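Containing mmCIF, C-alpha atoms (C1' of nucleotides): structure_32.cif.
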```cif
data_target
#
loop_
_atom_site.label_atom_id
_atom_site.label_comp_id
_atom_site.auth_asym_id
_atom_site.auth_seq_id
_atom_site.Cartn_x
_atom_site.Cartn_y
_atom_site.Cartn_z
CA MET K 207 113.70 -56.20 29.07
CA PRO K 208 111.27 -54.64 26.59
CA LYS K 209 109.25 -57.08 24.59
CA PRO K 210 110.74 -57.16 21.11
CA GLU K 211 108.73 -55.09 18.68
CA PRO K 212 106.46 -57.50 16.83
CA ARG K 213 108.19 -57.71 13.49
CA LEU K 214 105.72 -56.72 10.83
CA ALA K 215 105.49 -59.28 8.11
CA ALA K 216 106.49 -58.38 4.59
CA ASP K 217 103.88 -56.92 2.30
CA PRO K 218 101.38 -59.77 1.99
CA ILE K 219 100.58 -58.90 -1.59
CA ALA K 220 104.22 -58.89 -2.63
CA GLU K 221 104.46 -62.24 -0.88
CA ALA K 222 101.50 -63.62 -2.79
CA HIS K 223 103.01 -62.31 -6.02
CA ARG K 224 106.23 -64.19 -5.28
CA GLN K 225 104.31 -67.38 -4.64
CA TRP K 226 102.35 -66.97 -7.83
CA VAL K 227 105.57 -66.78 -9.80
CA GLU K 228 106.99 -69.78 -7.97
CA HIS K 229 103.97 -71.83 -8.91
CA GLY K 230 104.45 -71.03 -12.57
CA TRP K 231 101.66 -68.50 -12.74
CA GLY K 232 103.97 -65.62 -13.59
CA ASP K 233 101.83 -64.35 -16.44
CA ALA K 234 98.97 -63.79 -14.01
CA ALA K 235 100.97 -62.64 -11.00
CA ASP K 236 100.85 -58.93 -11.78
CA GLY K 237 97.14 -58.98 -12.42
CA MET K 238 96.56 -60.92 -9.21
CA ALA K 239 98.55 -58.32 -7.30
CA ALA K 240 96.59 -55.49 -8.92
CA ILE K 241 93.19 -56.98 -8.16
CA THR K 242 94.17 -57.94 -4.64
CA SER K 243 95.57 -54.46 -3.99
CA LEU K 244 92.30 -52.99 -5.16
CA MET K 245 90.34 -55.18 -2.78
CA ARG K 246 92.45 -54.22 0.18
CA ALA K 247 92.62 -50.51 -0.68
CA HIS K 248 88.86 -50.46 -0.96
CA GLN K 249 88.58 -52.02 2.47
CA ILE K 250 90.90 -49.39 3.95
CA ALA K 251 89.13 -46.49 2.29
CA LEU K 252 85.68 -47.74 3.19
CA SER K 253 86.69 -48.21 6.78
CA ARG K 254 87.95 -44.63 7.04
CA VAL K 255 84.82 -43.24 5.43
CA GLU K 256 82.45 -45.27 7.58
CA ALA K 257 84.25 -44.14 10.71
CA VAL K 258 83.63 -40.51 9.82
CA LEU K 259 79.99 -41.13 8.90
CA ARG K 260 79.13 -43.22 11.96
CA PRO K 261 78.34 -40.20 14.20
CA PHE K 262 75.81 -39.10 11.60
CA ASP K 263 74.10 -42.50 11.70
CA VAL K 264 74.48 -43.10 7.99
CA THR K 265 76.54 -45.56 6.04
CA PHE K 266 78.48 -44.74 2.89
CA ALA K 267 75.83 -46.45 0.78
CA ARG K 268 73.14 -44.21 2.22
CA TYR K 269 75.39 -41.15 2.06
CA GLU K 270 75.83 -41.73 -1.65
CA VAL K 271 72.08 -41.73 -2.13
CA LEU K 272 71.74 -38.52 -0.16
CA MET K 273 74.45 -36.80 -2.20
CA LEU K 274 72.96 -37.90 -5.48
CA LEU K 275 69.72 -36.25 -4.42
CA TYR K 276 71.51 -33.24 -2.98
CA LEU K 277 73.30 -32.60 -6.25
CA SER K 278 70.26 -33.15 -8.43
CA LYS K 279 68.29 -30.16 -9.72
CA ARG K 280 65.04 -30.86 -7.93
CA ARG K 281 66.51 -32.70 -4.94
CA SER K 282 64.49 -35.66 -6.14
CA LEU K 283 65.12 -38.67 -8.40
CA PRO K 284 63.38 -41.92 -9.41
CA MET K 285 64.62 -45.05 -7.64
CA ARG K 286 65.79 -46.46 -10.93
CA THR K 287 67.97 -43.47 -11.70
CA ILE K 288 69.64 -43.77 -8.32
CA GLY K 289 70.53 -47.37 -9.02
CA SER K 290 71.92 -46.55 -12.45
CA ARG K 291 74.05 -43.67 -11.24
CA LEU K 292 75.43 -45.56 -8.27
CA GLN K 293 75.80 -48.77 -10.27
CA VAL K 294 74.04 -50.88 -7.70
CA HIS K 295 71.16 -53.31 -7.92
CA GLN K 296 67.62 -51.98 -7.59
CA THR K 297 67.07 -53.95 -4.46
CA SER K 298 70.01 -52.19 -2.87
CA VAL K 299 68.33 -48.88 -3.61
CA THR K 300 65.07 -50.11 -2.10
CA ASN K 301 67.00 -51.12 1.01
CA ALA K 302 68.88 -47.83 1.33
CA VAL K 303 65.80 -45.70 0.71
CA ASP K 304 63.82 -47.71 3.26
CA ARG K 305 66.36 -46.84 5.91
CA LEU K 306 66.76 -43.22 4.84
CA GLU K 307 63.01 -42.80 4.86
CA ALA K 308 62.73 -44.37 8.30
CA ALA K 309 65.31 -41.84 9.50
CA GLY K 310 63.30 -39.00 7.99
CA LEU K 311 66.05 -38.03 5.54
CA VAL K 312 64.07 -38.71 2.35
CA VAL K 313 60.46 -39.31 1.38
CA ARG K 314 58.96 -41.42 -1.39
CA ARG K 315 56.56 -39.54 -3.67
CA ALA K 316 54.43 -40.65 -6.58
CA HIS K 317 55.93 -40.06 -10.00
CA PRO K 318 53.74 -37.53 -11.81
CA THR K 319 53.56 -39.35 -15.15
CA ASP K 320 54.73 -42.93 -14.63
CA ARG K 321 52.75 -44.81 -12.07
CA ARG K 322 55.29 -47.61 -11.92
CA ALA K 323 57.97 -45.24 -10.74
CA THR K 324 58.66 -43.73 -7.34
CA LEU K 325 60.44 -40.45 -6.75
CA VAL K 326 62.77 -40.14 -3.80
CA GLU K 327 62.94 -36.63 -2.42
CA LEU K 328 65.40 -35.18 0.05
CA THR K 329 63.78 -33.75 3.18
CA ARG K 330 65.06 -30.69 4.99
CA ALA K 331 66.70 -32.97 7.54
CA GLY K 332 68.29 -34.99 4.77
CA LEU K 333 69.65 -31.87 3.15
CA ALA K 334 71.14 -30.67 6.41
CA LEU K 335 72.69 -34.03 7.10
CA ALA K 336 74.15 -34.25 3.59
CA GLU K 337 75.88 -30.93 4.10
CA ARG K 338 77.24 -31.73 7.53
CA ALA K 339 78.41 -35.22 6.56
CA THR K 340 80.09 -33.89 3.45
CA ALA K 341 81.91 -31.26 5.45
CA ALA K 342 83.19 -33.97 7.77
CA LEU K 343 84.20 -36.30 4.96
CA ASN K 344 85.90 -33.54 3.01
CA GLU K 345 87.89 -32.50 6.02
CA GLN K 346 88.72 -35.86 7.51
CA VAL K 347 89.10 -38.09 4.47
CA PHE K 348 88.89 -36.52 1.04
CA ALA K 349 91.25 -33.62 1.73
CA ASP K 350 93.88 -36.17 2.71
CA PRO K 351 93.00 -39.53 1.20
CA GLY K 352 96.23 -41.19 2.30
CA LEU K 353 97.99 -40.67 -1.00
CA SER K 354 100.19 -37.95 -2.40
CA ALA K 355 98.54 -35.45 -4.69
CA SER K 356 100.25 -36.93 -7.72
CA SER K 357 99.29 -40.43 -6.71
CA VAL K 358 95.69 -39.35 -6.41
CA GLY K 359 95.75 -38.13 -9.97
CA THR K 360 97.47 -41.25 -11.20
CA LEU K 361 95.01 -43.48 -9.42
CA VAL K 362 92.00 -41.70 -10.84
CA ASN K 363 93.44 -41.88 -14.34
CA VAL K 364 94.26 -45.56 -14.17
CA LEU K 365 90.89 -46.48 -12.75
CA ARG K 366 89.02 -44.31 -15.24
CA ARG K 367 89.99 -46.62 -18.05
CA MET K 368 89.02 -49.64 -16.03
CA ARG K 369 85.61 -48.11 -15.38
CA ARG K 370 85.18 -47.13 -19.01
CA ASP K 371 86.03 -50.63 -20.18
CA ALA K 372 83.47 -51.98 -17.75
CA GLY K 373 80.83 -49.83 -19.44
CA ASP K 374 80.38 -47.16 -16.81
CA PHE K 375 80.42 -44.33 -19.33
CA MET I 65 65.33 -47.62 -38.24
CA PRO I 66 67.63 -48.82 -35.49
CA LYS I 67 66.84 -47.54 -32.06
CA PRO I 68 69.34 -44.75 -31.36
CA GLU I 69 72.16 -46.02 -29.23
CA PRO I 70 71.37 -44.95 -25.65
CA ARG I 71 73.72 -42.06 -25.12
CA LEU I 72 76.01 -42.98 -22.30
CA ALA I 73 76.23 -40.30 -19.67
CA ALA I 74 79.52 -38.63 -18.97
CA ASP I 75 81.86 -40.22 -16.48
CA PRO I 76 79.87 -40.00 -13.25
CA ILE I 77 82.98 -39.51 -11.16
CA ALA I 78 84.21 -36.63 -13.32
CA GLU I 79 80.74 -35.20 -12.97
CA ALA I 80 80.84 -35.50 -9.19
CA HIS I 81 84.28 -33.88 -9.18
CA ARG I 82 82.93 -30.93 -11.14
CA GLN I 83 80.06 -30.54 -8.69
CA TRP I 84 82.42 -30.71 -5.74
CA VAL I 85 84.42 -27.84 -7.18
CA GLU I 86 81.26 -25.85 -7.89
CA HIS I 87 80.19 -26.20 -4.29
CA GLY I 88 83.47 -24.78 -3.09
CA TRP I 89 84.92 -28.10 -2.02
CA GLY I 90 87.77 -27.93 -4.51
CA ASP I 91 90.41 -28.90 -1.99
CA ALA I 92 88.63 -32.20 -1.39
CA ALA I 93 87.44 -32.88 -4.93
CA ASP I 94 90.48 -34.88 -6.03
CA GLY I 95 90.41 -37.03 -2.93
CA MET I 96 86.70 -37.64 -3.34
CA ALA I 97 87.30 -38.74 -6.92
CA ALA I 98 90.10 -41.05 -5.84
CA ILE I 99 88.11 -42.73 -3.09
CA THR I 100 85.02 -43.02 -5.24
CA SER I 101 87.05 -44.49 -8.11
CA LEU I 102 88.44 -47.04 -5.73
CA MET I 103 84.99 -48.06 -4.57
CA ARG I 104 83.72 -48.53 -8.09
CA ALA I 105 86.84 -50.29 -9.37
CA HIS I 106 86.59 -52.71 -6.48
CA GLN I 107 83.00 -53.43 -7.36
CA ILE I 108 83.95 -54.11 -10.98
CA ALA I 109 86.87 -56.35 -10.08
CA LEU I 110 84.93 -58.28 -7.47
CA SER I 111 82.10 -58.85 -9.87
CA ARG I 112 84.44 -60.30 -12.50
CA VAL I 113 86.14 -62.54 -9.97
CA GLU I 114 82.90 -63.81 -8.47
CA ALA I 115 81.56 -64.63 -11.92
CA VAL I 116 84.55 -66.88 -12.59
CA LEU I 117 84.33 -68.53 -9.17
CA ARG I 118 80.59 -69.14 -9.22
CA PRO I 119 80.81 -72.45 -11.13
CA PHE I 120 83.12 -73.72 -8.40
CA ASP I 121 80.60 -72.82 -5.71
CA VAL I 122 82.99 -70.63 -3.80
CA THR I 123 83.07 -66.91 -3.24
CA PHE I 124 86.19 -64.77 -3.35
CA ALA I 125 86.25 -64.59 0.44
CA ARG I 126 86.34 -68.37 0.69
CA TYR I 127 88.76 -68.66 -2.22
CA GLU I 128 91.19 -66.43 -0.34
CA VAL I 129 91.04 -68.73 2.65
CA LEU I 130 91.65 -71.77 0.46
CA MET I 131 94.65 -70.14 -1.20
CA LEU I 132 96.14 -69.06 2.08
CA LEU I 133 96.02 -72.68 3.19
CA TYR I 134 97.18 -73.93 -0.19
CA LEU I 135 100.26 -71.72 -0.08
CA SER I 136 101.10 -72.51 3.53
CA LYS I 137 103.75 -75.08 4.33
CA ARG I 138 101.52 -77.61 6.08
CA ARG I 139 98.32 -76.77 4.24
CA SER I 140 96.98 -75.80 7.65
CA LEU I 141 96.74 -72.58 9.68
CA PRO I 142 95.13 -71.35 12.90
CA MET I 143 91.93 -69.37 12.43
CA ARG I 144 93.57 -66.31 13.91
CA THR I 145 96.41 -66.36 11.41
CA ILE I 146 93.95 -66.48 8.57
CA GLY I 147 92.21 -63.40 9.85
CA SER I 148 95.46 -61.51 10.25
CA ARG I 149 96.75 -62.35 6.82
CA LEU I 150 93.52 -61.53 5.06
CA GLN I 151 92.92 -58.47 7.22
CA VAL I 152 89.39 -59.44 8.10
CA HIS I 153 87.58 -59.80 11.40
CA GLN I 154 87.76 -63.12 13.24
CA THR I 155 84.06 -63.63 12.89
CA SER I 156 84.41 -63.40 9.14
CA VAL I 157 86.92 -66.23 9.29
CA THR I 158 84.58 -68.32 11.42
CA ASN I 159 81.87 -67.72 8.85
CA ALA I 160 84.04 -68.61 5.84
CA VAL I 161 85.49 -71.69 7.49
CA ASP I 162 82.01 -72.87 8.50
CA ARG I 163 80.97 -72.85 4.88
CA LEU I 164 84.19 -74.32 3.56
CA GLU I 165 83.95 -77.10 6.12
CA ALA I 166 80.32 -77.78 5.21
CA ALA I 167 81.46 -78.12 1.60
CA GLY I 168 84.19 -80.55 2.60
CA LEU I 169 86.99 -78.28 1.45
CA VAL I 170 88.64 -77.82 4.85
CA VAL I 171 88.46 -79.45 8.27
CA ARG I 172 88.92 -78.00 11.73
CA ARG I 173 91.50 -79.79 13.83
CA ALA I 174 92.65 -79.30 17.40
CA HIS I 175 95.78 -77.22 17.80
CA PRO I 176 98.49 -79.50 19.24
CA THR I 177 99.76 -77.10 21.91
CA ASP I 178 97.18 -74.35 22.35
CA ARG I 179 93.77 -75.63 23.30
CA ARG I 180 92.19 -72.26 22.62
CA ALA I 181 93.21 -72.39 18.99
CA THR I 182 91.78 -74.28 16.05
CA LEU I 183 93.73 -75.33 13.01
CA VAL I 184 92.07 -75.21 9.64
CA GLU I 185 93.39 -77.84 7.26
CA LEU I 186 92.85 -78.11 3.53
CA THR I 187 91.26 -81.39 2.47
CA ARG I 188 92.12 -83.19 -0.74
CA ALA I 189 88.94 -81.80 -2.28
CA GLY I 190 89.87 -78.33 -1.10
CA LEU I 191 93.30 -78.62 -2.61
CA ALA I 192 91.90 -79.75 -5.94
CA LEU I 193 89.38 -76.95 -5.98
CA ALA I 194 92.02 -74.35 -5.11
CA GLU I 195 94.05 -75.43 -8.10
CA ARG I 196 91.18 -75.50 -10.53
CA ALA I 197 89.76 -72.19 -9.35
CA THR I 198 93.16 -70.54 -9.54
CA ALA I 199 93.66 -71.78 -13.08
CA ALA I 200 90.32 -70.28 -14.04
CA LEU I 201 90.99 -66.97 -12.31
CA ASN I 202 94.47 -66.69 -13.73
CA GLU I 203 93.21 -67.28 -17.21
CA GLN I 204 89.99 -65.31 -17.13
CA VAL I 205 90.81 -62.40 -14.85
CA PHE I 206 94.35 -62.02 -13.60
CA ALA I 207 96.08 -62.51 -16.94
CA ASP I 208 94.01 -59.61 -18.28
CA PRO I 209 92.76 -57.50 -15.38
CA GLY I 210 91.30 -54.83 -17.61
CA LEU I 211 94.31 -52.55 -17.40
CA SER I 212 97.43 -52.13 -19.48
CA ALA I 213 100.57 -53.78 -18.15
CA SER I 214 102.03 -50.43 -17.19
CA SER I 215 98.83 -49.37 -15.50
CA VAL I 216 98.87 -52.55 -13.48
CA GLY I 217 102.29 -51.73 -12.18
CA THR I 218 101.36 -48.15 -11.45
CA LEU I 219 98.24 -49.19 -9.61
CA VAL I 220 100.08 -51.68 -7.43
CA ASN I 221 102.72 -49.09 -6.57
CA VAL I 222 100.25 -46.39 -5.67
CA LEU I 223 98.16 -48.69 -3.54
CA ARG I 224 101.19 -50.20 -1.82
CA ARG I 225 101.88 -46.92 -0.11
CA MET I 226 98.28 -46.58 0.88
CA ARG I 227 98.35 -50.04 2.40
CA ARG I 228 101.61 -49.38 4.17
CA ASP I 229 100.28 -46.15 5.66
CA ALA I 230 97.26 -48.07 6.88
CA GLY I 231 99.60 -50.40 8.76
CA ASP I 232 99.35 -53.48 6.58
CA PHE I 233 103.09 -54.10 6.64
"C1'" DT X 217 100.68 -70.18 43.35
"C1'" DC X 218 96.95 -67.35 41.99
"C1'" DA X 219 94.57 -63.60 40.43
"C1'" DA X 220 94.41 -60.22 36.61
"C1'" DT X 221 94.87 -59.72 31.86
"C1'" DA X 222 95.23 -61.21 27.17
"C1'" DT X 223 94.02 -64.21 23.37
"C1'" DA X 224 91.26 -67.78 20.28
"C1'" DG X 225 86.84 -68.82 18.71
"C1'" DT X 226 81.91 -68.68 18.48
"C1'" DA X 227 77.13 -66.71 18.78
"C1'" DG X 228 73.82 -63.27 17.61
"C1'" DG X 229 72.68 -58.97 15.38
"C1'" DA X 230 73.00 -54.97 12.06
"C1'" DC X 231 73.93 -53.72 7.22
"C1'" DA X 232 75.00 -54.00 2.37
"C1'" DT X 233 75.00 -56.56 -1.97
"C1'" DC X 234 73.27 -59.64 -5.28
"C1'" DC X 235 69.83 -62.91 -7.27
"C1'" DG X 236 65.34 -64.77 -8.57
"C1'" DA X 237 60.49 -64.21 -8.35
"C1'" DC X 238 56.33 -61.46 -8.42
"C1'" DT X 239 53.11 -57.35 -9.17
"C1'" DA X 240 51.90 -53.27 -11.49
"C1'" DT X 241 52.32 -50.40 -15.33
"C1'" DC X 242 53.95 -48.82 -19.80
"C1'" DT X 243 55.21 -49.45 -24.81
"C1'" DG X 244 55.22 -51.06 -29.15
"C1'" DA X 245 53.97 -54.05 -32.92
"C1'" DT X 246 50.30 -56.32 -35.25
"C1'" DA F 135 42.65 -51.66 -29.83
"C1'" DT F 136 45.22 -55.59 -27.89
"C1'" DC F 137 48.49 -58.47 -26.36
"C1'" DA F 138 53.41 -59.60 -25.74
"C1'" DG F 139 57.49 -57.85 -23.95
"C1'" DA F 140 59.94 -54.33 -21.33
"C1'" DT F 141 60.45 -51.64 -17.13
"C1'" DA F 142 59.90 -49.95 -11.95
"C1'" DG F 143 59.76 -51.57 -7.37
"C1'" DT F 144 59.38 -54.79 -3.63
"C1'" DC F 145 60.03 -59.20 -1.15
"C1'" DG F 146 62.55 -63.09 0.62
"C1'" DG F 147 66.84 -65.48 0.75
"C1'" DA F 148 71.94 -66.18 0.53
"C1'" DT F 149 76.47 -64.33 1.60
"C1'" DG F 150 80.04 -61.25 3.52
"C1'" DT F 151 81.63 -57.79 6.88
"C1'" DC F 152 81.77 -55.68 11.20
"C1'" DC F 153 80.51 -55.13 16.23
"C1'" DT F 154 79.48 -56.57 20.88
"C1'" DA F 155 79.26 -60.11 24.03
"C1'" DC F 156 80.63 -64.55 26.11
"C1'" DT F 157 83.37 -68.92 26.99
"C1'" DA F 158 87.58 -71.33 27.35
"C1'" DT F 159 92.37 -71.32 27.74
"C1'" DA F 160 97.13 -69.01 28.21
"C1'" DT F 161 100.22 -65.83 30.12
"C1'" DT F 162 102.02 -62.78 33.37
"C1'" DG F 163 103.09 -60.53 37.41
"C1'" DA F 164 102.77 -60.02 42.43
#
```
Let me see the file written as structure tokens.
Amino acid sequence: MPKPEPRLAADPIAEAHRQWVEHGWGDAADGMAAITSLMRAHQIALSRVEAVLRPFDVTFARYEVLMLLYLSKRRSLPMRTIGSRLQVHQTSVTNAVDRLEAAGLVVRRAHPTDRRATLVELTRAGLALAERATAALNEQVFADPGLSASSVGTLVNVLRRMRRDAGDF
Amino acid sequence: MPKPEPRLAADPIAEAHRQWVEHGWGDAADGMAAITSLMRAHQIALSRVEAVLRPFDVTFARYEVLMLLYLSKRRSLPMRTIGSRLQVHQTSVTNAVDRLEAAGLVVRRAHPTDRRATLVELTRAGLALAERATAALNEQVFADPGLSASSVGTLVNVLRRMRRDAGDF
DNA sequence: TCAATATAGTAGGACATCCGACTATCTGAT
DNA sequence: ATCAGATAGTCGGATGTCCTACTATATTGA
């Protein structure tokens, strides 16, 4: 006799929402579900992206740095600018650039006019890797992000306001 | 004369989308924007949540474990179940429970019938903290998650399908 | 009954993120 | 011109997540 298919539990977030209401927290239940959904969706998306990037020996954090440089006019930016654009702490930039530099994908250069600052410049290898990794990501994740085309648009619109309210732009 | 307000840059994700199209990656631009928006929105939400939880000396990861126990019938669950419900790796559960136990919020107990398994049980202190932290989160974050009520619903619906496709339920 | 396989947890390591502290350098106000 | 305050980066530490072992215990099938 075949083992009975393991019955998948109900949507855990819907379940949590129900419990929130039961506990008298109904006015916060929707918000809890929204935030929790965001956390889980992020985890899913990050996992897919990291899987595609793994063969290139870069993480998404480092890929983002590479692309920021790739898309910049001079293929070079100050550390500080990288942190601001990516909305991460300076020390995270230091960490990412350390690893990218060790892999030969970027180099640190002196800033011509501000001796406090450090410019990060994409190397030829970094440029090549940025292009190949982007091709892979575009094909394997971004072209089909796991949402319908209309949902993609809706999601971006909803989150744009959240980002604006948080001061991103 | 007041220092001129620092001109906020344009939406960085819209900017990235434009560059994607320029580089001939138009078919992946929307997906890139969606995934990137998700990453940033997660960062914003997590930051707000952690700020509220900090006074309670728990992180969101540990709070989730506490609430899972709090909402369970016996206020106790096997480690493995916690990992499955929260969709995180076993070792992450070990880590969170280690810290919760050190703080006196949970205790590990022997499983009555399976000697491989360990039950995690909420202590009285853990229960009290779960309630106080939830009250704070409900009031300060979930009741006003930074989105309109309709956006909240839309977001949850869009992400539900993404989670279902990923095999969450 | 017993060996092969599966499952529960833990240990150690790699990464990423944030925070606070510290150095070097730049800017602006007196 | 100087000195106080702001800014750029780095360092060390705490935390979370995942991965790969490795141990102990259950389950299953011959």
Exercise for review: Write down, as a ChimeraX atom specification, each residue of chain X that has any atom within 8 Å of an atom of chain I, counting all atoms listed in the file.
Suggested key: /X:224-226
Proximity check chain F to chain I, 12 Å, nearest pairs one decimal Å, all atoms listed in the file, as a Markdown table:
```
| residue | atom | partner | partner_atom | distance |
| --- | --- | --- | --- | --- |
| F:DA148 | C1' | I:Thr123 | CA | 11.8 |
| F:DT149 | C1' | I:Thr123 | CA | 8.6 |
| F:DG150 | C1' | I:Ser156 | CA | 7.4 |
| F:DT151 | C1' | I:Ser156 | CA | 6.7 |
| F:DC152 | C1' | I:His153 | CA | 7.1 |
| F:DC153 | C1' | I:His153 | CA | 9.8 |
| F:DT154 | C1' | I:Thr155 | CA | 11.6 |
| F:DT157 | C1' | I:Arg180 | CA | 10.4 |
| F:DA158 | C1' | I:Arg180 | CA | 6.7 |
| F:DT159 | C1' | I:Arg180 | CA | 5.2 |
| F:DA160 | C1' | I:Asp178 | CA | 7.9 |
| F:DT161 | C1' | I:Asp178 | CA | 11.9 |
```
Might you spell out which residues the PyMOL selection byres ((chain I) within 6 of (chain K)) would select in the displayed file, as a CSV table (one decimal) with C-alpha atoms, keeping the file's coordinate frame?
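See part_29.csv below for the written result:
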```
chain,number,residue,atom,x,y,z
I,72,LEU,CA,76.0,-43.0,-22.3
I,73,ALA,CA,76.2,-40.3,-19.7
I,74,ALA,CA,79.5,-38.6,-19.0
I,75,ASP,CA,81.9,-40.2,-16.5
I,92,ALA,CA,88.6,-32.2,-1.4
I,95,GLY,CA,90.4,-37.0,-2.9
I,96,MET,CA,86.7,-37.6,-3.3
I,98,ALA,CA,90.1,-41.0,-5.8
I,102,LEU,CA,88.4,-47.0,-5.7
I,103,MET,CA,85.0,-48.1,-4.6
I,106,HIS,CA,86.6,-52.7,-6.5
I,202,ASN,CA,94.5,-66.7,-13.7
I,206,PHE,CA,94.4,-62.0,-13.6
I,207,ALA,CA,96.1,-62.5,-16.9
I,209,PRO,CA,92.8,-57.5,-15.4
I,210,GLY,CA,91.3,-54.8,-17.6
I,216,VAL,CA,98.9,-52.6,-13.5
I,220,VAL,CA,100.1,-51.7,-7.4
I,226,MET,CA,98.3,-46.6,0.9
I,233,PHE,CA,103.1,-54.1,6.6
```
Practice item. Please write as a count of residues only the full residue list that the PyMOL selection byres ((chain F and resi 139) around 12) yields on this file. Key: 8
Check your understanding: If I put a ball of radius 12 Å at (94.1, -63.5, 43.4) in the file's coordinates, which residues poke into it when counting all atoms listed in the file, written as an NGL selection string?
Key -> (:X and (217-220)) or (:F and (163-164))
Exercise for review: Find the distance between atom CA of I:Val184 and atom CA of I:Leu133 and write it in Å to one decimal.
Suggested key: 8.0 Å
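One distance worth recording is that between atom CA of K:Thr319 and atom CA of K:Ser282, which is 14.6 Å.
Picture a line from atom CA of I:Ala189 to atom CA of I:Val170; it runs 8.2 Å.
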Review point. Residues at most 10 Å from stretch 306-311 of chain K, counting only C-alpha atoms (C1' of nucleotides), excluding those fewer than 4 positions away in the same chain, as a PyMOL selection string?
Key: chain K and resi 263-264+268-269+271-272+300-302+326-336
File of the preceding selection, C-alpha atoms, as a PDB file, keeping the file's coordinate frame:
```pdb
ATOM      1  CA  ASP K 263      74.100 -42.500  11.700  1.00  0.00           C
ATOM      2  CA  VAL K 264      74.480 -43.100   7.990  1.00  0.00           C
ATOM      3  CA  ARG K 268      73.140 -44.210   2.220  1.00  0.00           C
ATOM      4  CA  TYR K 269      75.390 -41.150   2.060  1.00  0.00           C
ATOM      5  CA  VAL K 271      72.080 -41.730  -2.130  1.00  0.00           C
ATOM      6  CA  LEU K 272      71.740 -38.520  -0.160  1.00  0.00           C
ATOM      7  CA  THR K 300      65.070 -50.110  -2.100  1.00  0.00           C
ATOM      8  CA  ASN K 301      67.000 -51.120   1.010  1.00  0.00           C
ATOM      9  CA  ALA K 302      68.880 -47.830   1.330  1.00  0.00           C
ATOM     10  CA  VAL K 326      62.770 -40.140  -3.800  1.00  0.00           C
ATOM     11  CA  GLU K 327      62.940 -36.630  -2.420  1.00  0.00           C
ATOM     12  CA  LEU K 328      65.400 -35.180   0.050  1.00  0.00           C
ATOM     13  CA  THR K 329      63.780 -33.750   3.180  1.00  0.00           C
ATOM     14  CA  ARG K 330      65.060 -30.690   4.990  1.00  0.00           C
ATOM     15  CA  ALA K 331      66.700 -32.970   7.540  1.00  0.00           C
ATOM     16  CA  GLY K 332      68.290 -34.990   4.770  1.00  0.00           C
ATOM     17  CA  LEU K 333      69.650 -31.870   3.150  1.00  0.00           C
ATOM     18  CA  ALA K 334      71.140 -30.670   6.410  1.00  0.00           C
ATOM     19  CA  LEU K 335      72.690 -34.030   7.100  1.00  0.00           C
ATOM     20  CA  ALA K 336      74.150 -34.250   3.590  1.00  0.00           C
TER      21      ALA K 336
END
```
Completion of stretch 291-302 of chain K up to N, CA and C atoms, as a PDB file, in the coordinates of the input:
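Output contents, as saved in part.pdb:
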```pdb
ATOM      1  N   ARG K 291      72.934 -44.565 -11.509  1.00  0.00           N
ATOM      2  CA  ARG K 291      74.050 -43.670 -11.240  1.00  0.00           C
ATOM      3  C   ARG K 291      75.053 -44.293 -10.274  1.00  0.00           C
ATOM      4  N   LEU K 292      74.529 -44.976  -9.274  1.00  0.00           N
ATOM      5  CA  LEU K 292      75.430 -45.560  -8.270  1.00  0.00           C
ATOM      6  C   LEU K 292      75.913 -46.939  -8.677  1.00  0.00           C
ATOM      7  N   GLN K 293      75.367 -47.460  -9.776  1.00  0.00           N
ATOM      8  CA  GLN K 293      75.800 -48.770 -10.270  1.00  0.00           C
ATOM      9  C   GLN K 293      75.547 -49.875  -9.256  1.00  0.00           C
ATOM     10  N   VAL K 294      74.402 -49.803  -8.620  1.00  0.00           N
ATOM     11  CA  VAL K 294      74.040 -50.880  -7.700  1.00  0.00           C
ATOM     12  C   VAL K 294      72.686 -51.446  -8.095  1.00  0.00           C
ATOM     13  N   HIS K 295      72.395 -52.610  -7.594  1.00  0.00           N
ATOM     14  CA  HIS K 295      71.160 -53.310  -7.920  1.00  0.00           C
ATOM     15  C   HIS K 295      69.954 -52.552  -7.367  1.00  0.00           C
ATOM     16  N   GLN K 296      68.839 -52.658  -8.051  1.00  0.00           N
ATOM     17  CA  GLN K 296      67.620 -51.980  -7.590  1.00  0.00           C
ATOM     18  C   GLN K 296      67.302 -52.310  -6.147  1.00  0.00           C
ATOM     19  N   THR K 297      67.467 -53.563  -5.816  1.00  0.00           N
ATOM     20  CA  THR K 297      67.070 -53.950  -4.460  1.00  0.00           C
ATOM     21  C   THR K 297      67.946 -53.265  -3.419  1.00  0.00           C
ATOM     22  N   SER K 298      69.151 -52.917  -3.802  1.00  0.00           N
ATOM     23  CA  SER K 298      70.010 -52.190  -2.870  1.00  0.00           C
ATOM     24  C   SER K 298      69.472 -50.779  -2.658  1.00  0.00           C
ATOM     25  N   VAL K 299      68.916 -50.212  -3.718  1.00  0.00           N
ATOM     26  CA  VAL K 299      68.330 -48.880  -3.610  1.00  0.00           C
ATOM     27  C   VAL K 299      67.087 -48.938  -2.717  1.00  0.00           C
ATOM     28  N   THR K 300      66.263 -49.948  -2.945  1.00  0.00           N
ATOM     29  CA  THR K 300      65.070 -50.110  -2.100  1.00  0.00           C
ATOM     30  C   THR K 300      65.489 -50.161  -0.637  1.00  0.00           C
ATOM     31  N   ASN K 301      66.489 -50.957  -0.358  1.00  0.00           N
ATOM     32  CA  ASN K 301      67.000 -51.120   1.010  1.00  0.00           C
ATOM     33  C   ASN K 301      67.484 -49.776   1.577  1.00  0.00           C
ATOM     34  N   ALA K 302      68.316 -49.086   0.841  1.00  0.00           N
ATOM     35  CA  ALA K 302      68.880 -47.830   1.330  1.00  0.00           C
ATOM     36  C   ALA K 302      67.784 -46.785   1.547  1.00  0.00           C
TER      37      ALA K 302
END
```
